[in-house]
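Visitor: This one is upload28.cif, mmCIF, C-alpha atoms.
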```
data_data
loop_
_atom_site.group_PDB
_atom_site.id
_atom_site.type_symbol
_atom_site.label_atom_id
_atom_site.label_comp_id
_atom_site.auth_asym_id
_atom_site.auth_seq_id
_atom_site.Cartn_x
_atom_site.Cartn_y
_atom_site.Cartn_z
ATOM 1 C CA MET A 1 0.000 0.000 0.000
ATOM 2 C CA LYS A 2 1.311 3.413 -0.941
ATOM 3 C CA GLU A 3 -1.090 5.313 1.274
ATOM 4 C CA SER A 4 -0.357 5.765 4.964
ATOM 5 C CA MET A 5 -1.802 3.097 7.232
ATOM 6 C CA LEU A 6 -3.060 5.944 9.422
ATOM 7 C CA GLN A 7 -5.816 6.568 6.896
ATOM 8 C CA TYR A 8 -7.115 3.052 7.573
ATOM 9 C CA PHE A 9 -6.509 2.191 11.231
ATOM 10 C CA LYS A 10 -5.008 3.318 14.511
ATOM 11 C CA PRO A 11 -1.834 1.383 15.362
ATOM 12 C CA GLY A 12 -2.002 0.422 19.010
ATOM 13 C CA ILE A 13 -0.206 -1.649 21.605
ATOM 14 C CA ILE A 14 -1.226 -3.661 24.638
ATOM 15 C CA HIS A 15 0.723 -2.065 27.452
ATOM 16 C CA PHE A 16 0.474 -4.942 29.912
ATOM 17 C CA MET A 17 1.839 -7.467 27.412
ATOM 18 C CA ALA A 18 4.712 -5.297 26.198
ATOM 19 C CA PHE A 19 5.567 -4.711 29.870
ATOM 20 C CA PRO A 20 4.332 -7.938 31.509
ATOM 21 C CA ASN A 21 5.459 -6.981 35.015
ATOM 22 C CA THR A 22 2.502 -4.556 35.036
ATOM 23 C CA MET A 23 -0.107 -7.272 34.446
ATOM 24 C CA LYS A 24 -1.134 -7.638 38.091
ATOM 25 C CA GLY A 25 -1.830 -3.934 38.376
ATOM 26 C CA ASP A 26 0.595 -3.289 41.213
ATOM 27 C CA SER A 27 3.957 -2.706 39.509
ATOM 28 C CA PRO A 28 5.936 0.441 40.324
ATOM 29 C CA ASP A 29 6.700 0.678 36.593
ATOM 30 C CA ILE A 30 3.129 1.302 35.389
ATOM 31 C CA GLU A 31 3.412 5.079 35.077
ATOM 32 C CA GLU A 32 6.848 5.065 33.487
ATOM 33 C CA THR A 33 5.970 2.415 30.902
ATOM 34 C CA VAL A 34 2.648 3.987 29.940
ATOM 35 C CA ALA A 35 4.551 7.258 29.509
ATOM 36 C CA ALA A 36 7.010 5.531 27.163
ATOM 37 C CA ILE A 37 4.113 4.536 24.911
ATOM 38 C CA ALA A 38 2.450 7.934 25.204
ATOM 39 C CA ARG A 39 5.637 9.585 23.938
ATOM 40 C CA ASP A 40 5.913 7.269 20.938
ATOM 41 C CA ALA A 41 4.163 8.989 18.030
ATOM 42 C CA TYR A 42 3.886 5.697 16.120
ATOM 43 C CA PHE A 43 1.010 4.688 18.361
ATOM 44 C CA HIS A 44 -2.480 6.105 18.192
ATOM 45 C CA ALA A 45 -4.018 3.687 20.707
ATOM 46 C CA VAL A 46 -3.000 1.890 23.880
ATOM 47 C CA GLU A 47 -4.697 -0.875 25.840
ATOM 48 C CA ILE A 48 -4.260 -0.900 29.589
ATOM 49 C CA THR A 49 -5.542 -3.101 32.389
ATOM 50 C CA TRP A 50 -6.265 -2.692 36.086
ATOM 51 C CA ILE A 51 -4.194 -0.274 38.123
ATOM 52 C CA GLN A 52 -4.775 -1.042 41.755
ATOM 53 C CA ASP A 53 -3.459 2.164 43.327
ATOM 54 C CA PRO A 54 -6.080 4.928 42.827
ATOM 55 C CA ALA A 55 -3.413 7.644 42.900
ATOM 56 C CA VAL A 56 -1.366 5.935 40.174
ATOM 57 C CA ARG A 57 -4.537 5.361 38.192
ATOM 58 C CA GLU A 58 -5.385 9.047 38.341
ATOM 59 C CA ARG A 59 -1.914 10.064 37.196
ATOM 60 C CA VAL A 60 -2.034 7.580 34.307
ATOM 61 C CA ARG A 61 -5.477 8.855 33.343
ATOM 62 C CA HIS A 62 -4.162 12.402 33.259
ATOM 63 C CA LEU A 63 -1.156 11.318 31.201
ATOM 64 C CA LEU A 64 -3.361 9.523 28.685
ATOM 65 C CA GLU A 65 -5.614 12.565 28.378
ATOM 66 C CA GLN A 66 -2.561 14.579 27.326
ATOM 67 C CA SER A 67 -1.371 11.948 24.852
ATOM 68 C CA GLY A 68 -4.219 11.965 22.358
ATOM 69 C CA LEU A 69 -4.173 8.155 22.412
ATOM 70 C CA THR A 70 -7.377 6.177 22.095
ATOM 71 C CA VAL A 71 -7.567 3.979 25.197
ATOM 72 C CA GLY A 72 -8.827 0.423 25.431
ATOM 73 C CA TYR A 73 -9.198 -1.654 28.595
ATOM 74 C CA GLY A 74 -8.215 -5.305 28.813
ATOM 75 C CA GLY A 75 -10.007 -7.203 31.543
ATOM 76 C CA GLN A 76 -8.189 -10.432 30.703
ATOM 77 C CA PRO A 77 -5.556 -10.064 33.467
ATOM 78 C CA ARG A 78 -8.329 -9.659 36.030
ATOM 79 C CA LEU A 79 -9.318 -13.253 35.213
ATOM 80 C CA LEU A 80 -5.985 -14.837 34.322
ATOM 81 C CA THR A 81 -4.222 -13.671 37.491
ATOM 82 C CA THR A 82 -7.110 -14.541 39.837
ATOM 83 C CA GLY A 83 -8.487 -17.734 38.313
ATOM 84 C CA ASP A 84 -11.995 -16.292 38.027
ATOM 85 C CA ASN A 85 -14.054 -18.047 35.356
ATOM 86 C CA PRO A 86 -17.035 -16.260 33.741
ATOM 87 C CA ASN A 87 -18.535 -19.524 32.456
ATOM 88 C CA THR A 88 -18.070 -21.753 35.477
ATOM 89 C CA LEU A 89 -21.085 -23.877 36.361
ATOM 90 C CA GLU A 90 -20.658 -23.065 40.054
ATOM 91 C CA GLU A 91 -22.949 -20.063 40.374
ATOM 92 C CA PRO A 92 -21.248 -18.361 43.354
ATOM 93 C CA LEU A 93 -17.936 -18.496 41.476
ATOM 94 C CA ARG A 94 -19.524 -17.200 38.277
ATOM 95 C CA LEU A 95 -21.002 -14.290 40.199
ATOM 96 C CA ALA A 96 -17.584 -13.542 41.688
ATOM 97 C CA ALA A 97 -16.152 -13.370 38.161
ATOM 98 C CA VAL A 98 -18.983 -11.048 37.125
ATOM 99 C CA GLU A 99 -18.274 -8.721 40.030
ATOM 100 C CA ASN A 100 -14.579 -8.709 39.163
ATOM 101 C CA LEU A 101 -15.369 -7.795 35.554
ATOM 102 C CA LYS A 102 -17.907 -5.159 36.578
ATOM 103 C CA ALA A 103 -15.180 -3.528 38.660
ATOM 104 C CA GLY A 104 -13.076 -3.586 35.491
ATOM 105 C CA ILE A 105 -15.852 -1.868 33.570
ATOM 106 C CA ASP A 106 -15.986 0.810 36.273
ATOM 107 C CA GLU A 107 -12.247 1.324 35.917
ATOM 108 C CA ALA A 108 -12.481 1.369 32.128
ATOM 109 C CA TYR A 109 -14.998 4.209 32.304
ATOM 110 C CA GLU A 110 -12.789 6.003 34.830
ATOM 111 C CA MET A 111 -9.885 5.769 32.370
ATOM 112 C CA ASN A 112 -12.026 7.004 29.453
ATOM 113 C CA ALA A 113 -11.587 3.712 27.607
ATOM 114 C CA CYS A 114 -13.414 3.105 24.342
ATOM 115 C CA ALA A 115 -14.056 -0.595 24.995
ATOM 116 C CA PHE A 116 -13.795 -3.330 27.623
ATOM 117 C CA ALA A 117 -12.429 -6.758 26.672
ATOM 118 C CA PHE A 118 -12.246 -10.083 28.491
ATOM 119 C CA LEU A 119 -12.006 -13.807 27.748
ATOM 120 C CA SER A 120 -14.004 -16.922 28.458
ATOM 121 C CA GLY A 121 -12.784 -19.537 30.913
ATOM 122 C CA LYS A 122 -11.990 -23.215 31.021
ATOM 123 C CA TYR A 123 -14.763 -25.738 30.447
ATOM 124 C CA ASP A 124 -15.711 -29.411 30.613
ATOM 125 C CA SER A 125 -16.170 -30.578 27.015
ATOM 126 C CA GLU A 126 -18.935 -32.955 28.087
ATOM 127 C CA ARG A 127 -20.913 -30.007 29.469
ATOM 128 C CA LEU A 128 -20.063 -27.476 26.763
ATOM 129 C CA GLU A 129 -23.638 -26.314 26.241
ATOM 130 C CA GLU A 130 -24.070 -25.591 29.933
ATOM 131 C CA HIS A 131 -20.873 -23.532 29.933
ATOM 132 C CA PHE A 132 -22.085 -21.783 26.783
ATOM 133 C CA GLU A 133 -25.303 -20.744 28.535
ATOM 134 C CA ALA A 134 -23.390 -19.673 31.652
ATOM 135 C CA LEU A 135 -21.200 -17.414 29.518
ATOM 136 C CA LYS A 136 -24.267 -15.930 27.824
ATOM 137 C CA LYS A 137 -25.656 -15.129 31.265
ATOM 138 C CA THR A 138 -22.402 -13.415 32.243
ATOM 139 C CA VAL A 139 -22.169 -11.407 29.017
ATOM 140 C CA ARG A 140 -25.807 -10.399 29.336
ATOM 141 C CA GLU A 141 -25.052 -8.988 32.790
ATOM 142 C CA LEU A 142 -21.851 -7.257 31.675
ATOM 143 C CA CYS A 143 -23.430 -5.662 28.618
ATOM 144 C CA GLY A 144 -26.346 -4.421 30.673
ATOM 145 C CA TYR A 145 -24.009 -3.014 33.301
ATOM 146 C CA ALA A 146 -21.798 -1.295 30.739
ATOM 147 C CA LYS A 147 -24.826 0.196 29.010
ATOM 148 C CA SER A 148 -26.181 1.538 32.305
ATOM 149 C CA LYS A 149 -23.056 3.682 32.592
ATOM 150 C CA GLY A 150 -22.598 4.805 28.972
ATOM 151 C CA ASP A 151 -22.018 3.431 25.511
ATOM 152 C CA MET A 152 -18.926 1.255 26.026
ATOM 153 C CA PRO A 153 -18.942 -2.044 24.082
ATOM 154 C CA VAL A 154 -18.077 -5.326 25.789
ATOM 155 C CA LEU A 155 -15.710 -7.478 23.731
ATOM 156 C CA LEU A 156 -15.058 -11.193 24.086
ATOM 157 C CA GLU A 157 -11.609 -12.225 22.868
ATOM 158 C CA VAL A 158 -11.387 -15.448 20.894
ATOM 159 C CA PHE A 159 -8.764 -17.680 22.554
ATOM 160 C CA ASP A 160 -7.498 -21.216 22.015
ATOM 161 C CA TYR A 161 -9.743 -24.035 23.214
ATOM 162 C CA ASP A 162 -7.364 -26.993 23.627
ATOM 163 C CA MET A 163 -3.731 -25.890 23.739
ATOM 164 C CA ASP A 164 -2.875 -23.318 26.404
ATOM 165 C CA LYS A 165 -5.623 -21.146 27.877
ATOM 166 C CA LYS A 166 -8.218 -23.782 26.845
ATOM 167 C CA SER A 167 -11.049 -21.252 26.831
ATOM 168 C CA LEU A 168 -14.618 -22.008 25.885
ATOM 169 C CA ILE A 169 -14.578 -19.459 23.039
ATOM 170 C CA GLY A 170 -12.986 -21.012 21.215
ATOM 171 C CA PRO A 171 -13.050 -22.132 17.573
ATOM 172 C CA ALA A 172 -14.437 -19.706 14.995
ATOM 173 C CA PRO A 173 -17.753 -21.524 14.399
ATOM 174 C CA LEU A 174 -18.558 -21.519 18.129
ATOM 175 C CA ALA A 175 -17.457 -17.892 18.462
ATOM 176 C CA ALA A 176 -19.748 -16.988 15.551
ATOM 177 C CA ARG A 177 -22.683 -18.819 17.140
ATOM 178 C CA PHE A 178 -22.092 -17.124 20.481
ATOM 179 C CA ALA A 179 -21.826 -13.659 18.936
ATOM 180 C CA ARG A 180 -24.902 -14.229 16.789
ATOM 181 C CA GLU A 181 -26.992 -15.230 19.796
ATOM 182 C CA MET A 182 -25.749 -12.326 21.894
ATOM 183 C CA ALA A 183 -26.375 -9.873 19.046
ATOM 184 C CA GLN A 184 -30.035 -10.812 19.221
ATOM 185 C CA GLU A 185 -30.119 -9.561 22.818
ATOM 186 C CA THR A 186 -27.798 -6.547 22.947
ATOM 187 C CA ASP A 187 -26.157 -4.048 20.627
ATOM 188 C CA ASN A 188 -23.021 -3.403 22.696
ATOM 189 C CA PHE A 189 -21.343 -6.791 22.334
ATOM 190 C CA GLY A 190 -18.652 -7.826 19.871
ATOM 191 C CA LEU A 191 -15.669 -10.083 19.319
ATOM 192 C CA LEU A 192 -11.961 -9.383 19.571
ATOM 193 C CA VAL A 193 -9.816 -11.472 17.216
ATOM 194 C CA ASP A 194 -6.068 -11.961 17.445
ATOM 195 C CA LEU A 195 -3.610 -13.098 14.773
ATOM 196 C CA SER A 196 -1.583 -14.698 17.586
ATOM 197 C CA HIS A 197 -4.418 -17.092 18.345
ATOM 198 C CA VAL A 198 -5.073 -18.247 14.785
ATOM 199 C CA PRO A 199 -2.365 -20.973 14.842
ATOM 200 C CA LEU A 200 -3.433 -22.005 18.363
ATOM 201 C CA LEU A 201 -6.961 -22.555 17.054
ATOM 202 C CA HIS A 202 -5.713 -24.895 14.293
ATOM 203 C CA GLU A 203 -7.292 -22.516 11.772
ATOM 204 C CA SER A 204 -6.100 -20.563 8.773
ATOM 205 C CA ILE A 205 -6.487 -16.801 8.774
ATOM 206 C CA ARG A 206 -9.569 -17.057 6.574
ATOM 207 C CA GLU A 207 -11.044 -19.863 8.667
ATOM 208 C CA SER A 208 -10.659 -17.691 11.760
ATOM 209 C CA LEU A 209 -11.997 -14.423 10.341
ATOM 210 C CA LEU A 210 -14.690 -15.203 7.794
ATOM 211 C CA PRO A 211 -17.179 -16.937 10.143
ATOM 212 C CA VAL A 212 -17.078 -14.045 12.616
ATOM 213 C CA LYS A 213 -16.669 -11.120 10.219
ATOM 214 C CA GLU A 214 -20.003 -9.515 11.173
ATOM 215 C CA TYR A 215 -19.071 -9.382 14.851
ATOM 216 C CA ILE A 216 -15.419 -8.245 14.890
ATOM 217 C CA ARG A 217 -15.064 -4.967 16.769
ATOM 218 C CA HIS A 218 -11.416 -5.079 17.744
ATOM 219 C CA VAL A 219 -8.191 -6.676 16.474
ATOM 220 C CA HIS A 220 -4.854 -7.730 17.929
ATOM 221 C CA ILE A 221 -1.760 -8.800 15.993
ATOM 222 C CA GLY A 222 1.033 -10.984 17.282
ATOM 223 C CA ASN A 223 2.749 -14.344 17.085
ATOM 224 C CA ALA A 224 2.687 -17.848 18.563
ATOM 225 C CA VAL A 225 4.710 -21.050 18.765
ATOM 226 C CA ILE A 226 2.728 -24.282 18.375
ATOM 227 C CA GLN A 227 5.571 -26.802 18.154
ATOM 228 C CA GLU A 228 5.683 -28.645 21.463
ATOM 229 C CA GLY A 229 9.042 -28.566 23.183
ATOM 230 C CA CYS A 230 10.031 -25.246 21.610
ATOM 231 C CA GLU A 231 10.626 -22.056 23.539
ATOM 232 C CA ALA A 232 7.566 -19.803 23.956
ATOM 233 C CA PHE A 233 5.177 -22.673 23.189
ATOM 234 C CA GLY A 234 1.512 -21.776 23.538
ATOM 235 C CA ASP A 235 -0.106 -18.424 24.171
ATOM 236 C CA ALA A 236 3.133 -16.583 24.962
ATOM 237 C CA HIS A 237 2.900 -13.854 22.297
ATOM 238 C CA PRO A 238 6.575 -13.762 21.297
ATOM 239 C CA ARG A 239 7.840 -11.171 18.833
ATOM 240 C CA PHE A 240 7.219 -11.636 15.121
ATOM 241 C CA GLY A 241 9.738 -13.995 13.531
ATOM 242 C CA PHE A 242 10.599 -15.707 16.838
ATOM 243 C CA PRO A 243 12.361 -19.074 16.307
ATOM 244 C CA ASN A 244 9.945 -21.891 15.358
ATOM 245 C CA SER A 245 7.006 -19.487 15.411
ATOM 246 C CA GLU A 246 4.071 -19.106 13.028
ATOM 247 C CA ASN A 247 3.660 -15.404 12.224
ATOM 248 C CA SER A 248 5.903 -12.873 10.577
ATOM 249 C CA VAL A 249 5.623 -10.387 7.706
ATOM 250 C CA GLU A 250 3.921 -12.778 5.281
ATOM 251 C CA GLU A 251 1.175 -13.834 7.694
ATOM 252 C CA LEU A 252 0.606 -10.286 8.905
ATOM 253 C CA THR A 253 0.246 -9.112 5.298
ATOM 254 C CA GLU A 254 -2.339 -11.820 4.633
ATOM 255 C CA PHE A 255 -4.185 -10.960 7.844
ATOM 256 C CA LEU A 256 -4.433 -7.298 6.850
ATOM 257 C CA LYS A 257 -5.636 -8.271 3.376
ATOM 258 C CA VAL A 258 -8.473 -10.376 4.790
ATOM 259 C CA LEU A 259 -9.425 -7.559 7.195
ATOM 260 C CA PHE A 260 -9.906 -5.383 4.120
ATOM 261 C CA GLU A 261 -11.925 -8.087 2.378
ATOM 262 C CA ILE A 262 -14.367 -8.477 5.264
ATOM 263 C CA GLY A 263 -14.784 -4.725 5.691
ATOM 264 C CA TYR A 264 -13.094 -4.276 9.050
ATOM 265 C CA LEU A 265 -10.587 -2.024 7.307
ATOM 266 C CA GLY A 266 -11.599 0.697 4.899
ATOM 267 C CA LYS A 267 -10.414 4.195 4.181
ATOM 268 C CA GLY A 268 -11.506 6.578 6.898
ATOM 269 C CA LYS A 269 -12.825 3.888 9.264
ATOM 270 C CA ARG A 270 -9.739 3.853 11.475
ATOM 271 C CA PRO A 271 -10.499 1.046 13.938
ATOM 272 C CA ILE A 272 -7.765 -0.085 16.306
ATOM 273 C CA ILE A 273 -5.215 -2.770 15.459
ATOM 274 C CA SER A 274 -2.980 -3.397 18.462
ATOM 275 C CA PHE A 275 0.266 -5.272 18.843
ATOM 276 C CA GLU A 276 0.046 -8.023 21.418
ATOM 277 C CA VAL A 277 3.705 -8.903 21.833
ATOM 278 C CA LYS A 278 5.553 -9.978 24.952
ATOM 279 C CA PRO A 279 9.299 -10.048 25.578
ATOM 280 C CA TRP A 280 10.577 -13.599 25.988
ATOM 281 C CA LYS A 281 12.716 -14.125 29.087
ATOM 282 C CA ASP A 282 15.294 -11.304 29.213
ATOM 283 C CA GLU A 283 14.365 -9.606 25.938
ATOM 284 C CA ASP A 284 14.154 -5.811 26.069
ATOM 285 C CA PRO A 285 10.549 -4.570 25.828
ATOM 286 C CA LEU A 286 11.388 -1.439 23.838
ATOM 287 C CA THR A 287 13.401 -3.447 21.322
ATOM 288 C CA VAL A 288 10.562 -5.942 20.919
ATOM 289 C CA ILE A 289 8.183 -3.035 20.340
ATOM 290 C CA ALA A 290 10.501 -1.552 17.711
ATOM 291 C CA SER A 291 10.779 -4.935 15.995
ATOM 292 C CA SER A 292 6.975 -5.175 15.873
ATOM 293 C CA LYS A 293 6.686 -1.764 14.249
ATOM 294 C CA ARG A 294 9.205 -2.756 11.587
ATOM 295 C CA CYS A 295 7.206 -5.907 10.854
ATOM 296 C CA LEU A 296 3.954 -3.979 10.466
ATOM 297 C CA ASP A 297 5.589 -1.329 8.285
ATOM 298 C CA LEU A 298 6.976 -3.997 5.978
ATOM 299 C CA ALA A 299 3.692 -5.925 5.871
ATOM 300 C CA TRP A 300 1.835 -2.727 4.986
ATOM 301 C CA SER A 301 4.335 -1.916 2.224
ATOM 302 C CA ARG A 302 3.762 -5.354 0.705
ATOM 303 C CA LEU A 303 -0.026 -5.243 0.950
ATOM 304 C CA GLU A 304 -1.737 -5.422 -2.438
ATOM 305 C CA LEU A 305 -5.518 -5.259 -2.651
ATOM 306 C CA ASP A 306 -7.462 -6.777 -5.534
#
```
Would you mind writing the structure in this file as structure tokens?
Guide:
Amino acid sequence: MKESMLQYFKPGIIHFMAFPNTMKGDSPDIEETVAAIARDAYFHAVEITWIQDPAVRERVRHLLEQSGLTVGYGGQPRLLTTGDNPNTLEEPLRLAAVENLKAGIDEAYEMNACAFAFLSGKYDSERLEEHFEALKKTVRELCGYAKSKGDMPVLLEVFDYDMDKKSLIGPAPLAARFAREMAQETDNFGLLVDLSHVPLLHESIRESLLPVKEYIRHVHIGNAVIQEGCEAFGDAHPRFGFPNSENSVEELTEFLKVLFEIGYLGKGKRPIISFEVKPWKDEDPLTVIASSKRCLDLAWSRLELD
């Protein structure tokens, strides 16, 4: 593409993955690392998660207001670091997960976020339909709660179902069914899809995107290793081109092309596409971020639309 990508989308980054020590919301580095992103003019969006200290949260909110960045809120760490499961069949535990996520929605509004995202939990394959209904109940409550406070959409991220996180949602056909049923009940629900998760789902890019194209409201881009025994195996989000990994410039170019085909991307629309990359072991976060930007720039330069 000869035109600037900025005419088509907002390049973003997931702060708590690029700086994973901030994922629990209590790191002393939260302010400094958010500031590093805010000062990087490449980015037009940032996704944050919980910040447990109200004073730090207020300072980060003020910083983000100055930055001009569009802000998203990832509720995934609120579940992954606590073990809460929004589709558990034990009702008291499901309600605890709902309360945790509602607190995240409160925080997302406080931080002026444009959307709130989370993921489904583990499930018993023999009771899949029961878990499916439990998740619908949770999403129904979350969407209603979010709508009572404003117009923030609630986004369910599509994760792997049998490799690492082993989440209910799940393969593309099940994600499409879930989104279709929820769309009949509420207008503030959507799906978040991630290039990193495509290999983990045993799907091609087209197999992952086409069934859910009507419901995609947010996109992440990243990488994965699916060869057992290799470093960064599973849902570790290593940098593009990591040894024995699945995604680099070629796959990212194809992913962008399909996003155009399904209408997620179009001139002037400018949705968010965020890097979800995580330093492996002692890798330097800022170098990994720079590497990701180079990969996206090259993929964009190679993009040819029919």
Visitor: With only C-alpha atoms as the atoms that count, which of A:Pro54, A:Leu63, A:Arg94, A:Glu157 lies nearest to Glu107 (chain A)?
Guide: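 Counting only C-alpha atoms, the residue closest to Glu107 (chain A) is A:Pro54.
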Visitor: Do you know which residues are at most 10 Å from Glu214 (chain A) counting all atoms listed in the file, after dropping those on the same chain fewer than 4 positions away, and could you put them as an NGL selection string?
Guide: :A and (176 or 179-180 or 190-191 or 209-210 or 262-264)
Visitor: Determine, for each residue of region 215-283 of chain A having at least one atom at most 12 Å from an atom of region 115-133 of chain A, the closest pair of atoms and their separation in Å to one decimal, counting only C-alpha atoms; order by chain and ascending number, as JSON lines.
Guide:
```
{"residue": "A:Arg217", "atom": "CA", "partner": "A:Ala115", "partner_atom": "CA", "distance": 9.4}
{"residue": "A:His218", "atom": "CA", "partner": "A:Ala115", "partner_atom": "CA", "distance": 8.9}
{"residue": "A:Val219", "atom": "CA", "partner": "A:Ala117", "partner_atom": "CA", "distance": 11.0}
{"residue": "A:His220", "atom": "CA", "partner": "A:Ala117", "partner_atom": "CA", "distance": 11.6}
{"residue": "A:Pro271", "atom": "CA", "partner": "A:Ala115", "partner_atom": "CA", "distance": 11.7}
{"residue": "A:Ile272", "atom": "CA", "partner": "A:Ala115", "partner_atom": "CA", "distance": 10.7}
```
Visitor: For a test of reading the model, state the distance in Å between CA of Leu155 (chain A) and CA of Ser292 (chain A), rounded to one decimal.
Guide: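 These atoms are spaced 24.1 Å apart.
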Visitor: Taking the file as I've supplied it (selection: the PyMOL selection byres ((chain A and resi 245-254) around 8)), which residues are included? Please answer as an mmCIF file with C-alpha atoms, in the coordinates of the input.
Guide:
```cif
data_model
loop_
_atom_site.group_PDB
_atom_site.id
_atom_site.type_symbol
_atom_site.label_atom_id
_atom_site.label_comp_id
_atom_site.auth_asym_id
_atom_site.auth_seq_id
_atom_site.Cartn_x
_atom_site.Cartn_y
_atom_site.Cartn_z
ATOM 1 C CA LEU A 195 -3.610 -13.098 14.773
ATOM 2 C CA SER A 196 -1.583 -14.698 17.586
ATOM 3 C CA PRO A 199 -2.365 -20.973 14.842
ATOM 4 C CA ILE A 205 -6.487 -16.801 8.774
ATOM 5 C CA ILE A 221 -1.760 -8.800 15.993
ATOM 6 C CA GLY A 222 1.033 -10.984 17.282
ATOM 7 C CA ASN A 223 2.749 -14.344 17.085
ATOM 8 C CA ALA A 224 2.687 -17.848 18.563
ATOM 9 C CA VAL A 225 4.710 -21.050 18.765
ATOM 10 C CA ILE A 226 2.728 -24.282 18.375
ATOM 11 C CA GLN A 227 5.571 -26.802 18.154
ATOM 12 C CA PHE A 240 7.219 -11.636 15.121
ATOM 13 C CA GLY A 241 9.738 -13.995 13.531
ATOM 14 C CA PHE A 242 10.599 -15.707 16.838
ATOM 15 C CA PRO A 243 12.361 -19.074 16.307
ATOM 16 C CA ASN A 244 9.945 -21.891 15.358
ATOM 17 C CA PHE A 255 -4.185 -10.960 7.844
ATOM 18 C CA LEU A 256 -4.433 -7.298 6.850
ATOM 19 C CA LYS A 257 -5.636 -8.271 3.376
ATOM 20 C CA VAL A 258 -8.473 -10.376 4.790
ATOM 21 C CA CYS A 295 7.206 -5.907 10.854
ATOM 22 C CA LEU A 296 3.954 -3.979 10.466
ATOM 23 C CA LEU A 298 6.976 -3.997 5.978
ATOM 24 C CA ALA A 299 3.692 -5.925 5.871
ATOM 25 C CA TRP A 300 1.835 -2.727 4.986
ATOM 26 C CA ARG A 302 3.762 -5.354 0.705
ATOM 27 C CA LEU A 303 -0.026 -5.243 0.950
#
```
Visitor: For a quick check of understanding, using only C-alpha atoms, which of A:Arg206, A:Lys24, A:Ala38, A:Glu231 has the smallest distance to Ser67 (chain A)?
Guide: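 Closest candidate: A:Ala38.
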Visitor: Between CA of Arg61 (chain A) and CA of Asn100 (chain A), what is the distance, to one decimal in Å?
Guide: 20.6 Å
Visitor: Return as a PDB file with C-alpha atoms, in the coordinates of the input the set of residues that the PyMOL selection byres ((chain A and resi 173) around 12) yields on the displayed structure.
Guide:
```pdb
ATOM      1  CA  VAL A 158     -11.387 -15.448  20.894  1.00  0.00           C
ATOM      2  CA  LEU A 168     -14.618 -22.008  25.885  1.00  0.00           C
ATOM      3  CA  ILE A 169     -14.578 -19.459  23.039  1.00  0.00           C
ATOM      4  CA  GLY A 170     -12.986 -21.012  21.215  1.00  0.00           C
ATOM      5  CA  PRO A 171     -13.050 -22.132  17.573  1.00  0.00           C
ATOM      6  CA  ALA A 172     -14.437 -19.706  14.995  1.00  0.00           C
ATOM      7  CA  LEU A 174     -18.558 -21.519  18.129  1.00  0.00           C
ATOM      8  CA  ALA A 175     -17.457 -17.892  18.462  1.00  0.00           C
ATOM      9  CA  ALA A 176     -19.748 -16.988  15.551  1.00  0.00           C
ATOM     10  CA  ARG A 177     -22.683 -18.819  17.140  1.00  0.00           C
ATOM     11  CA  PHE A 178     -22.092 -17.124  20.481  1.00  0.00           C
ATOM     12  CA  ALA A 179     -21.826 -13.659  18.936  1.00  0.00           C
ATOM     13  CA  ARG A 180     -24.902 -14.229  16.789  1.00  0.00           C
ATOM     14  CA  LEU A 201      -6.961 -22.555  17.054  1.00  0.00           C
ATOM     15  CA  GLU A 203      -7.292 -22.516  11.772  1.00  0.00           C
ATOM     16  CA  GLU A 207     -11.044 -19.863   8.667  1.00  0.00           C
ATOM     17  CA  SER A 208     -10.659 -17.691  11.760  1.00  0.00           C
ATOM     18  CA  LEU A 209     -11.997 -14.423  10.341  1.00  0.00           C
ATOM     19  CA  LEU A 210     -14.690 -15.203   7.794  1.00  0.00           C
ATOM     20  CA  PRO A 211     -17.179 -16.937  10.143  1.00  0.00           C
ATOM     21  CA  VAL A 212     -17.078 -14.045  12.616  1.00  0.00           C
ATOM     22  CA  LYS A 213     -16.669 -11.120  10.219  1.00  0.00           C
TER      23      LYS A 213
END
```
Visitor: Which residues fall under the PyMOL selection byres ((chain A and resi 51) around 10) in this file, as an NGL selection string?
Guide: :A and (22-27 or 30-31 or 48-50 or 52-58 or 60 or 104 or 107)
Visitor: Which of these, A:Gly266, A:Leu93, A:Ser167, A:Ile37, has the shortest distance to Leu80 (chain A) once you count only C-alpha atoms?
Guide: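 Of all the options, A:Ser167 lies closest to Leu80 (chain A).
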Visitor: What does the distance between CA of Asp84 (chain A) and CA of Val98 (chain A) come to in Å, to one decimal place?
Guide: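 Separation between CA of Asp84 (chain A) and CA of Val98 (chain A): 8.8 Å.
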